[in-house]
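File shown: upload-v6.txt. Contents: compact mmCIF, C-alpha atoms.
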```txt
# COMPACT_ATOMS: atom_id res chain seq x y z
CA MET A 1 12.02 15.42 18.76
CA SER A 2 11.24 14.25 15.23
CA SER A 3 8.86 11.89 13.53
CA ALA A 4 8.69 9.99 10.28
CA PRO A 5 6.83 11.85 7.49
CA SER A 6 3.08 11.58 7.81
CA PRO A 7 1.05 9.88 5.07
CA TYR A 8 -1.82 12.22 5.98
CA PRO A 9 -1.91 15.87 7.08
CA ILE A 10 -2.09 15.96 10.89
CA PHE A 11 -4.43 18.45 12.54
CA ASP A 12 -3.88 17.68 16.21
CA ALA A 13 -6.97 18.38 18.32
CA ASP A 14 -5.08 18.55 21.62
CA ASN A 15 -1.81 20.42 22.11
CA HIS A 16 -0.94 22.48 25.17
CA LEU A 17 1.06 25.54 26.05
CA TYR A 18 2.56 26.23 29.45
CA GLU A 19 1.62 29.62 30.90
CA THR A 20 4.19 32.06 32.25
CA GLU A 21 3.81 33.50 35.74
CA ASP A 22 2.24 36.70 34.42
CA ALA A 23 -0.35 34.97 32.24
CA PHE A 24 -3.20 35.76 34.63
CA THR A 25 -1.88 39.06 35.98
CA ARG A 26 -0.24 41.06 33.16
CA PHE A 27 -3.59 42.45 32.01
CA LEU A 28 -5.45 42.19 35.30
CA PRO A 29 -6.88 45.56 36.44
CA GLU A 30 -5.16 46.98 39.51
CA GLN A 31 -8.13 46.51 41.83
CA TYR A 32 -8.10 42.77 41.15
CA ARG A 33 -4.36 42.16 41.49
CA GLY A 34 -4.70 40.26 44.76
CA ALA A 35 -6.95 37.65 43.16
CA VAL A 36 -4.03 35.74 41.62
CA ARG A 37 -0.56 35.68 43.16
CA TYR A 38 2.51 33.50 43.15
CA VAL A 39 3.89 32.84 46.63
CA GLN A 40 6.81 30.99 48.17
CA VAL A 41 6.05 27.95 50.34
CA ASP A 42 9.03 26.12 51.83
CA GLY A 43 11.21 27.37 49.01
CA ARG A 44 8.80 26.37 46.23
CA THR A 45 6.63 28.66 44.12
CA LYS A 46 2.90 28.08 44.38
CA ILE A 47 -0.13 29.84 42.93
CA ALA A 48 -2.64 31.41 45.30
CA ILE A 49 -6.17 32.14 44.11
CA ARG A 50 -7.97 34.66 46.31
CA GLY A 51 -5.51 33.96 49.09
CA HIS A 52 -5.83 30.17 48.95
CA ILE A 53 -2.71 28.26 47.92
CA SER A 54 -3.49 25.65 45.28
CA GLU A 55 -1.71 22.34 44.76
CA TYR A 56 -3.74 21.62 41.61
CA ILE A 57 -0.56 21.86 39.53
CA PRO A 58 2.49 20.99 41.70
CA ASN A 59 4.81 23.35 39.79
CA PRO A 60 2.71 26.23 38.41
CA THR A 61 5.75 28.08 37.03
CA PHE A 62 6.36 25.28 34.49
CA ASP A 63 10.07 26.07 34.51
CA VAL A 64 10.57 22.36 35.06
CA VAL A 65 8.02 19.98 33.56
CA ALA A 66 7.47 16.28 33.03
CA ARG A 67 8.84 14.93 29.77
CA PRO A 68 6.32 14.73 26.91
CA GLY A 69 4.95 11.21 26.68
CA ALA A 70 6.54 10.12 29.97
CA GLN A 71 3.47 7.98 30.75
CA GLU A 72 3.11 6.27 27.37
CA ASP A 73 4.20 2.88 28.70
CA TYR A 74 1.92 3.28 31.72
CA PHE A 75 -1.11 3.83 29.47
CA ARG A 76 -0.13 1.02 27.10
CA ARG A 77 0.30 -1.75 29.66
CA GLY A 78 -0.85 -0.41 33.00
CA ASN A 79 1.11 -0.42 36.23
CA PRO A 80 1.41 -4.02 37.44
CA GLU A 81 4.40 -3.12 39.64
CA GLY A 82 2.39 -0.51 41.55
CA ARG A 83 4.90 2.25 40.88
CA SER A 84 4.30 5.75 42.22
CA TYR A 85 3.45 8.66 39.93
CA ARG A 86 6.95 10.04 40.35
CA GLU A 87 8.46 6.67 39.41
CA ILE A 88 6.25 6.42 36.34
CA VAL A 89 6.97 9.94 35.09
CA GLY A 90 10.69 9.79 35.76
CA LYS A 91 13.19 12.62 35.51
CA PRO A 92 11.69 16.00 34.54
CA MET A 93 13.10 18.45 32.01
CA ARG A 94 13.56 22.19 31.72
CA ALA A 95 10.78 23.82 29.74
CA ILE A 96 11.86 24.69 26.21
CA PRO A 97 10.80 27.78 24.23
CA ALA A 98 8.40 25.68 22.12
CA PHE A 99 6.27 25.20 25.24
CA ARG A 100 6.08 28.96 25.79
CA GLU A 101 5.69 30.77 22.46
CA PRO A 102 4.39 30.05 18.95
CA ALA A 103 7.38 30.60 16.64
CA SER A 104 9.45 27.92 18.37
CA ARG A 105 6.41 25.68 18.60
CA LEU A 106 5.81 25.97 14.87
CA ALA A 107 9.39 24.89 14.20
CA LEU A 108 8.89 21.90 16.51
CA MET A 109 5.64 21.01 14.74
CA ASP A 110 7.56 20.96 11.46
CA GLU A 111 10.02 18.49 12.99
CA GLN A 112 7.15 16.37 14.31
CA GLY A 113 5.24 16.35 11.04
CA VAL A 114 2.24 18.16 12.54
CA GLU A 115 0.56 20.54 10.11
CA ARG A 116 -1.92 22.25 12.42
CA THR A 117 -3.09 22.06 16.02
CA LEU A 118 -5.54 23.38 18.55
CA MET A 119 -3.53 24.90 21.40
CA PHE A 120 -4.99 24.76 24.91
CA PRO A 121 -3.73 26.46 28.06
CA THR A 122 -2.76 24.23 30.99
CA LEU A 123 -2.95 26.06 34.33
CA ALA A 124 -6.06 27.99 33.26
CA SER A 125 -8.22 24.95 34.02
CA LEU A 126 -8.09 25.73 37.74
CA LEU A 127 -9.44 29.28 37.56
CA GLU A 128 -13.21 29.06 37.23
CA GLU A 129 -13.86 26.56 40.00
CA ARG A 130 -11.91 28.68 42.48
CA MET A 131 -13.93 31.77 41.57
CA ARG A 132 -17.32 30.11 41.32
CA ASP A 133 -18.87 32.29 44.03
CA ASP A 134 -17.70 35.54 42.40
CA PRO A 135 -18.94 35.64 38.78
CA GLU A 136 -17.76 39.19 38.20
CA LEU A 137 -14.22 38.27 39.21
CA ALA A 138 -14.25 35.16 37.03
CA HIS A 139 -15.09 37.22 33.96
CA VAL A 140 -12.37 39.77 34.72
CA VAL A 141 -9.62 37.19 35.30
CA ILE A 142 -10.60 35.11 32.26
CA HIS A 143 -10.47 38.21 30.08
CA ALA A 144 -7.01 39.04 31.44
CA LEU A 145 -5.90 35.51 30.53
CA ASN A 146 -7.32 35.87 27.02
CA GLU A 147 -5.46 39.14 26.53
CA TRP A 148 -2.24 37.36 27.47
CA LEU A 149 -3.04 34.43 25.16
CA HIS A 150 -3.65 36.79 22.28
CA GLU A 151 -0.53 38.87 22.89
CA THR A 152 1.74 35.85 23.40
CA TRP A 153 0.29 33.18 21.10
CA GLN A 154 -2.39 34.89 18.99
CA PHE A 155 -5.61 32.98 18.36
CA ASN A 156 -4.60 32.10 14.81
CA TYR A 157 -0.86 31.87 14.29
CA GLU A 158 0.12 31.38 10.66
CA ASN A 159 -3.16 29.51 10.07
CA ARG A 160 -1.52 26.56 11.84
CA ILE A 161 -1.74 27.11 15.60
CA PHE A 162 -5.28 27.84 16.77
CA THR A 163 -5.11 28.85 20.41
CA THR A 164 -8.40 28.44 22.28
CA PRO A 165 -9.41 31.44 24.41
CA VAL A 166 -11.50 30.61 27.47
CA ILE A 167 -15.11 31.75 27.69
CA THR A 168 -16.69 31.69 31.13
CA LEU A 169 -20.49 31.78 31.17
CA PRO A 170 -21.89 32.99 34.54
CA ILE A 171 -23.07 36.35 33.17
CA VAL A 172 -24.43 35.70 29.69
CA GLU A 173 -24.01 39.26 28.45
CA LYS A 174 -20.35 39.28 29.48
CA ALA A 175 -19.82 35.90 27.85
CA ILE A 176 -21.16 37.33 24.59
CA GLU A 177 -18.87 40.36 24.92
CA GLU A 178 -15.88 38.06 25.43
CA LEU A 179 -16.90 35.90 22.48
CA GLU A 180 -17.09 38.96 20.22
CA TRP A 181 -13.71 40.16 21.50
CA VAL A 182 -11.90 36.91 20.73
CA VAL A 183 -13.60 36.37 17.37
CA GLU A 184 -12.57 39.88 16.28
CA ARG A 185 -9.00 38.80 17.00
CA GLY A 186 -9.14 35.64 14.95
CA ALA A 187 -10.40 32.90 17.28
CA ARG A 188 -11.70 29.84 15.42
CA ALA A 189 -12.30 27.74 18.54
CA ILE A 190 -13.19 28.57 22.13
CA LEU A 191 -12.77 26.63 25.37
CA ILE A 192 -15.71 26.16 27.74
CA ARG A 193 -15.50 24.30 31.04
CA PRO A 194 -17.65 21.14 31.10
CA ALA A 195 -19.46 21.91 34.32
CA PRO A 196 -22.61 23.53 35.69
CA VAL A 197 -22.39 27.29 35.27
CA PRO A 198 -22.14 29.15 38.60
CA GLY A 199 -24.13 32.32 39.05
CA PHE A 200 -25.54 34.80 41.55
CA SER A 201 -28.51 32.50 42.28
CA GLY A 202 -26.72 29.17 42.13
CA SER A 203 -25.51 26.90 39.38
CA ARG A 204 -27.42 25.89 36.26
CA SER A 205 -27.03 24.04 32.95
CA PHE A 206 -25.57 25.82 29.94
CA GLY A 207 -28.13 23.90 27.88
CA LEU A 208 -31.02 26.00 29.24
CA PRO A 209 -32.69 28.74 27.16
CA GLU A 210 -31.00 31.39 29.32
CA PHE A 211 -27.83 30.76 27.31
CA ASP A 212 -29.47 30.79 23.88
CA PRO A 213 -28.26 34.33 23.04
CA PHE A 214 -24.69 33.13 23.57
CA TRP A 215 -25.09 29.94 21.52
CA ALA A 216 -26.77 31.96 18.76
CA LYS A 217 -23.67 34.14 18.50
CA VAL A 218 -21.40 31.09 18.49
CA VAL A 219 -23.33 29.65 15.56
CA GLU A 220 -23.39 33.01 13.79
CA HIS A 221 -19.59 33.16 13.93
CA GLY A 222 -19.12 29.49 13.06
CA VAL A 223 -16.84 28.99 16.07
CA LEU A 224 -15.98 25.50 17.32
CA VAL A 225 -16.83 24.95 21.00
CA THR A 226 -14.33 22.73 22.77
CA LEU A 227 -15.13 21.05 26.08
CA HIS A 228 -11.71 20.19 27.45
CA SER A 229 -11.11 18.35 30.72
CA SER A 230 -10.85 20.76 33.62
CA ASP A 231 -11.60 21.11 37.29
CA SER A 232 -15.37 20.83 36.90
CA GLY A 233 -16.01 21.03 40.62
CA TYR A 234 -17.17 17.44 41.01
CA SER A 235 -14.91 16.92 44.00
CA ARG A 236 -17.72 18.60 45.95
CA TYR A 237 -19.88 15.54 45.21
CA THR A 238 -17.26 12.86 45.71
CA ASP A 239 -16.25 14.56 48.98
CA ASP A 240 -19.61 13.48 50.37
CA TRP A 241 -18.36 9.89 50.13
CA GLU A 242 -15.00 10.57 51.73
CA SER A 243 -14.03 12.10 55.05
CA ASN A 244 -11.01 14.01 53.74
CA LYS A 245 -12.40 17.16 52.14
CA ARG A 246 -9.66 18.55 49.93
CA GLU A 247 -8.89 20.33 46.70
CA TYR A 248 -9.20 18.35 43.47
CA LEU A 249 -5.68 17.20 42.56
CA PRO A 250 -5.52 15.68 39.06
CA PHE A 251 -2.11 14.09 39.59
CA GLN A 252 -2.86 12.45 42.93
CA PRO A 253 -4.42 9.01 42.35
CA ASP A 254 -7.66 8.36 44.20
CA VAL A 255 -9.32 5.16 43.01
CA PHE A 256 -12.78 6.07 44.28
CA ARG A 257 -12.75 9.41 42.46
CA MET A 258 -11.37 7.76 39.34
CA ILE A 259 -14.45 5.50 39.10
CA GLY A 260 -16.64 8.48 38.22
CA GLN A 261 -14.05 10.84 36.79
CA TRP A 262 -15.87 11.21 33.45
CA ARG A 263 -19.20 12.17 34.96
CA PRO A 264 -18.57 15.89 34.32
CA ILE A 265 -18.30 15.47 30.55
CA GLU A 266 -21.11 12.92 30.38
CA ASP A 267 -23.37 15.28 32.32
CA SER A 268 -22.28 18.27 30.20
CA VAL A 269 -23.08 16.57 26.90
CA ALA A 270 -26.32 15.16 28.29
CA ALA A 271 -27.32 18.64 29.47
CA LEU A 272 -26.79 20.13 26.01
CA ILE A 273 -29.02 17.41 24.58
CA CYS A 274 -31.69 17.03 27.28
CA HIS A 275 -32.08 20.76 27.90
CA GLY A 276 -32.51 21.32 24.18
CA ALA A 277 -29.57 23.57 23.26
CA LEU A 278 -28.35 21.29 20.47
CA SER A 279 -31.86 21.03 19.05
CA ARG A 280 -32.45 24.77 19.14
CA PHE A 281 -29.03 25.22 17.52
CA PRO A 282 -28.49 22.20 15.25
CA ASP A 283 -25.46 23.86 13.65
CA LEU A 284 -23.61 24.22 16.95
CA LYS A 285 -20.24 22.42 16.69
CA ILE A 286 -19.04 20.71 19.87
CA ALA A 287 -15.65 19.01 20.26
CA VAL A 288 -14.97 17.02 23.43
CA VAL A 289 -11.23 16.94 24.08
CA GLU A 290 -9.15 14.94 26.58
CA ASN A 291 -12.16 13.48 28.32
CA GLY A 292 -11.76 9.98 26.97
CA ALA A 293 -14.54 8.01 25.30
CA SER A 294 -15.48 5.37 27.88
CA TRP A 295 -18.61 7.36 28.77
CA VAL A 296 -20.00 7.51 25.21
CA GLY A 297 -21.47 4.00 25.01
CA PRO A 298 -23.19 4.19 28.42
CA LEU A 299 -24.62 7.64 27.59
CA ILE A 300 -26.01 6.37 24.28
CA ARG A 301 -27.65 3.40 26.02
CA THR A 302 -29.17 5.66 28.68
CA LEU A 303 -30.45 8.19 26.14
CA LYS A 304 -32.08 5.40 24.14
CA ASP A 305 -33.75 4.00 27.24
CA VAL A 306 -35.03 7.37 28.48
CA TYR A 307 -36.29 8.34 25.02
CA LYS A 308 -38.15 5.05 24.73
CA LYS A 309 -40.07 5.91 27.90
CA TYR A 310 -40.42 9.69 27.59
CA PRO A 311 -40.13 10.74 23.94
CA GLN A 312 -42.35 13.74 24.59
CA GLN A 313 -39.66 15.23 26.85
CA PHE A 314 -37.17 15.58 23.98
CA ALA A 315 -37.16 18.05 21.12
CA GLU A 316 -35.57 15.36 18.90
CA GLU A 317 -34.43 11.77 19.14
CA PRO A 318 -31.40 12.33 21.43
CA VAL A 319 -28.84 9.87 20.03
CA SER A 320 -29.17 11.38 16.57
CA VAL A 321 -28.50 14.80 18.15
CA LEU A 322 -25.34 13.45 19.78
CA ARG A 323 -24.17 12.02 16.48
CA ARG A 324 -24.94 15.25 14.62
CA ASN A 325 -23.37 17.86 16.91
CA VAL A 326 -20.72 16.22 19.06
CA HIS A 327 -17.19 15.33 18.00
CA ILE A 328 -14.79 13.51 20.31
CA SER A 329 -11.03 13.41 20.62
CA PRO A 330 -10.54 10.36 22.86
CA PHE A 331 -7.40 9.30 24.64
CA TRP A 332 -4.76 8.03 22.26
CA GLU A 333 -4.82 4.58 23.83
CA GLU A 334 -8.55 4.10 23.20
CA ASP A 335 -10.24 2.35 20.26
CA MET A 336 -10.83 4.89 17.48
CA ALA A 337 -12.61 2.36 15.26
CA GLY A 338 -14.97 1.46 18.10
CA LEU A 339 -15.75 5.12 18.74
CA ALA A 340 -16.38 5.65 15.02
CA GLU A 341 -18.98 2.85 15.13
CA LEU A 342 -20.79 4.68 17.93
CA LEU A 343 -20.64 8.22 16.53
CA GLY A 344 -19.71 8.00 12.86
CA ILE A 345 -16.24 8.36 11.40
CA GLU A 346 -16.66 12.11 10.78
CA ARG A 347 -17.09 12.75 14.50
CA VAL A 348 -13.74 11.31 15.66
CA LEU A 349 -10.69 13.54 16.16
CA PHE A 350 -7.06 12.70 16.89
CA GLY A 351 -5.41 14.49 19.80
CA SER A 352 -1.91 13.82 21.14
CA ASP A 353 -2.04 15.91 24.36
CA PHE A 354 1.52 17.04 23.58
CA PRO A 355 3.61 18.00 25.56
CA HIS A 356 1.89 16.62 28.64
CA PRO A 357 3.33 13.44 30.17
CA GLU A 358 0.09 11.51 29.66
CA GLY A 359 0.16 12.30 25.93
CA LEU A 360 2.35 11.20 23.05
CA ALA A 361 5.98 12.27 22.75
CA GLU A 362 5.66 12.00 18.97
CA PRO A 363 2.15 12.78 17.68
CA ALA A 364 2.81 11.23 14.24
CA SER A 365 3.57 7.90 15.92
CA TYR A 366 -0.16 7.47 16.42
CA PHE A 367 -0.48 6.11 12.87
CA GLY A 368 0.76 2.82 14.24
CA GLU A 369 -2.16 2.72 16.69
CA LEU A 370 -4.93 3.04 14.08
CA LYS A 371 -6.49 -0.35 13.46
CA ASN A 372 -9.43 -1.68 11.42
CA LEU A 373 -9.84 1.56 9.44
CA THR A 374 -9.53 2.41 5.76
CA GLU A 375 -6.93 4.89 4.56
CA GLU A 376 -9.68 7.46 3.97
CA GLU A 377 -10.98 6.97 7.51
CA LYS A 378 -7.48 7.38 8.95
CA ALA A 379 -7.04 10.62 7.04
CA LEU A 380 -10.33 11.96 8.43
CA ILE A 381 -9.40 11.13 12.02
CA MET A 382 -5.83 12.45 11.78
CA GLY A 383 -6.86 15.84 10.47
CA GLY A 384 -9.60 15.96 7.89
CA ASN A 385 -12.47 16.14 10.36
CA LEU A 386 -10.95 18.94 12.41
CA ALA A 387 -9.96 20.87 9.28
CA ARG A 388 -13.64 20.82 8.29
CA LEU A 389 -14.74 22.05 11.72
CA ILE A 390 -12.21 24.90 11.80
CA ALA A 391 -12.78 25.66 8.10
CA VAL A 392 -9.15 25.75 6.98
```
Could I get this file's structure written as structure tokens?
Amino acid sequence: MSSAPSPYPIFDADNHLYETEDAFTRFLPEQYRGAVRYVQVDGRTKIAIRGHISEYIPNPTFDVVARPGAQEDYFRRGNPEGRSYREIVGKPMRAIPAFREPASRLALMDEQGVERTLMFPTLASLLEERMRDDPELAHVVIHALNEWLHETWQFNYENRIFTTPVITLPIVEKAIEELEWVVERGARAILIRPAPVPGFSGSRSFGLPEFDPFWAKVVEHGVLVTLHSSDSGYSRYTDDWESNKREYLPFQPDVFRMIGQWRPIEDSVAALICHGALSRFPDLKIAVVENGASWVGPLIRTLKDVYKKYPQQFAEEPVSVLRRNVHISPFWEEDMAGLAELLGIERVLFGSDFPHPEGLAEPASYFGELKNLTEEEKALIMGGNLARLIAV
């Protein structure tokens, strides 16, 4: 895996690691050990959360994975032949050390011409939804994951790999404790699920004043908040339209669910604006990662329309808040120049989603995709904007 030298420093907003089987359990207190287990089903290893076997990730061991960039052609030209997911992805590969630990990954980044990256977990995105009715357990398991992330990857490896610990929010005081713990260990960015926050009395928006003490600490530490695609629990709503109630499976195509698949991030950003969090904390830095950008234009139009009718319900003009606080790393196949027109060039971030099959096999190859931009604008998108946000 190698790329031509980059004309600009690349700070990739979306890289992933693959967790090992003990990522959730190595630091899990004894009394909680049954919450996460790996079990054998018909000769295949599956993950069981609180006794329920999940198919969210077909192979949760990640010993064998899809090739990086295996779906590039699919995202470039579509699927006119109607091929299956397995046909599109093709032959898998054995996981290499660079997917599992930072020293090998850094060497691979050198080959790829990637200077720095945010590093997101992969399997962790299933945890919170499957523990939504037990906030105490969610905090315990997420902390165990963060301990593993820190031991295995660190939160700042050589000032080049910035791994994003997960912060779950149900109990605000515990969320603040977790934030302080990860910041003390070098975290520059944190990962928060774009979804309503479950709690003892039901779910609520993280844009409400209840969460202000947490956001105040985030701003105090200058940490970047990333909202990365996850299981946001919206299958509960789409299930009402379909008779087959089942677990959300990101790699199983369902055209009805795909129509509204970006509602979670649109609702999450709208909640931060409409419930006032981004006005009470104008210095809060939000980066939306791997949620596309198709929802941005419709949200802007809706915010403009609602503000025209009910300006007294907003602390500030809402579109200006969006353009001040929110940064977006869209899918690589989307129009960066078009997104820059909507948000401003300083709010657009490049992310390759490496080494996932839906991402780019060679992150530096994205230079060929940038159109209708100046050289300075390309440099900002490819790394300058994120370097400013992370303060490197």
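Distances here use all atoms listed in the file; by that measure, the residue among A:Tyr307, A:Phe281, A:Phe99, A:Tyr56 closest to Leu208 in chain A is A:Phe281.
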Would you please work out which residue, of A:Gly260, A:Pro60, A:Pro97, A:Pro29, is nearest to Ile142 in chain A when using all atoms listed in the file? A:Pro29
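With distances restricted to all atoms listed in the file, A:Pro92 is the closest residue to Asn59 in chain A from A:Lys174, A:Leu28, A:Pro92, A:Val36.
Considering all atoms listed in the file, the residue among A:His143, A:Arg77, A:Arg160, A:Lys46 positioned nearest to Asp12 in chain A is A:Arg160.
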Excluding Phe62 in chain A and residues on its chain fewer than 2 positions from it, collect all residues at most 8 Å away from it, counting all atoms listed in the file, and give them as a PyMOL selection string. chain A and resi 18-20+59-60+64-65+95
Dump as a ChimeraX atom specification all residues having an atom at most 6 Å from (-9.0, 34.5, 36.2), computed in the file's coordinates with all atoms listed in the file. /A:127,138,141-142
Closest atom pairs, range 313-349 of chain A residues within 8 Å of range 359-378 of chain A, all atoms listed in the file, as JSON lines:
```
{"residue": "A:Trp332", "atom": "CA", "partner": "A:Tyr366", "partner_atom": "CA", "distance": 7.5}
{"residue": "A:Glu333", "atom": "CA", "partner": "A:Glu369", "partner_atom": "CA", "distance": 7.8}
{"residue": "A:Met336", "atom": "CA", "partner": "A:Leu370", "partner_atom": "CA", "distance": 7.1}
{"residue": "A:Ala337", "atom": "CA", "partner": "A:Asn372", "partner_atom": "CA", "distance": 6.4}
{"residue": "A:Ile345", "atom": "CA", "partner": "A:Glu377", "partner_atom": "CA", "distance": 6.7}
```
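Here CA of Val225 in chain A is placed at a distance of 21.9 Å from CA of Met131 in chain A.
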Would you mind reading off the distance between CA of Asn15 in chain A and CA of Pro355 in chain A, one decimal, in Å? 6.9 Å
Considering all atoms listed in the file, give me a table of residues in range 110-219 of chain A that are at most 12 Å from range 379-384 of chain A, with the closest atom pair and distance in Å for each, as JSON lines.
```
{"residue": "A:Gly113", "atom": "CA", "partner": "A:Met382", "partner_atom": "CA", "distance": 11.8}
{"residue": "A:Val114", "atom": "CA", "partner": "A:Gly383", "partner_atom": "CA", "distance": 9.6}
{"residue": "A:Glu115", "atom": "CA", "partner": "A:Gly383", "partner_atom": "CA", "distance": 8.8}
{"residue": "A:Arg116", "atom": "CA", "partner": "A:Gly383", "partner_atom": "CA", "distance": 8.3}
{"residue": "A:Thr117", "atom": "CA", "partner": "A:Gly383", "partner_atom": "CA", "distance": 9.1}
{"residue": "A:Leu118", "atom": "CA", "partner": "A:Gly383", "partner_atom": "CA", "distance": 11.1}
```
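Straight-line separation from CA of Trp241 in chain A to CA of Glu358 in chain A: 27.6 Å.
Residue nearest Arg188 in chain A within the list A:Met119, A:Asp134, A:Gly202, A:Val41: A:Met119 [criterion: smallest interatomic distance, all atoms listed in the file].
For the residues A:Thr61, A:Pro198, A:Thr122, A:Leu137, ranking by smallest atom-to-atom distance to Arg94 in chain A using all atoms listed in the file places A:Thr61 first.
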I'd like a table as CSV: residues in range 207-236 of chain A with an atom no more than 10 Å from range 265-269 of chain A, each row giving the shortest atom pair and its distance in Å to one decimal, all atoms listed in the file counted, sorted by chain and rising residue number.
```
residue,atom,partner,partner_atom,distance
A:Gly207,CA,A:Ser268,CA,8.4
A:Leu227,CA,A:Ile265,CA,7.8
A:His228,CA,A:Ile265,CA,8.7
A:Ser229,CA,A:Ile265,CA,7.7
A:Ser230,CA,A:Ile265,CA,9.6
A:Ser232,CA,A:Ile265,CA,8.8
```
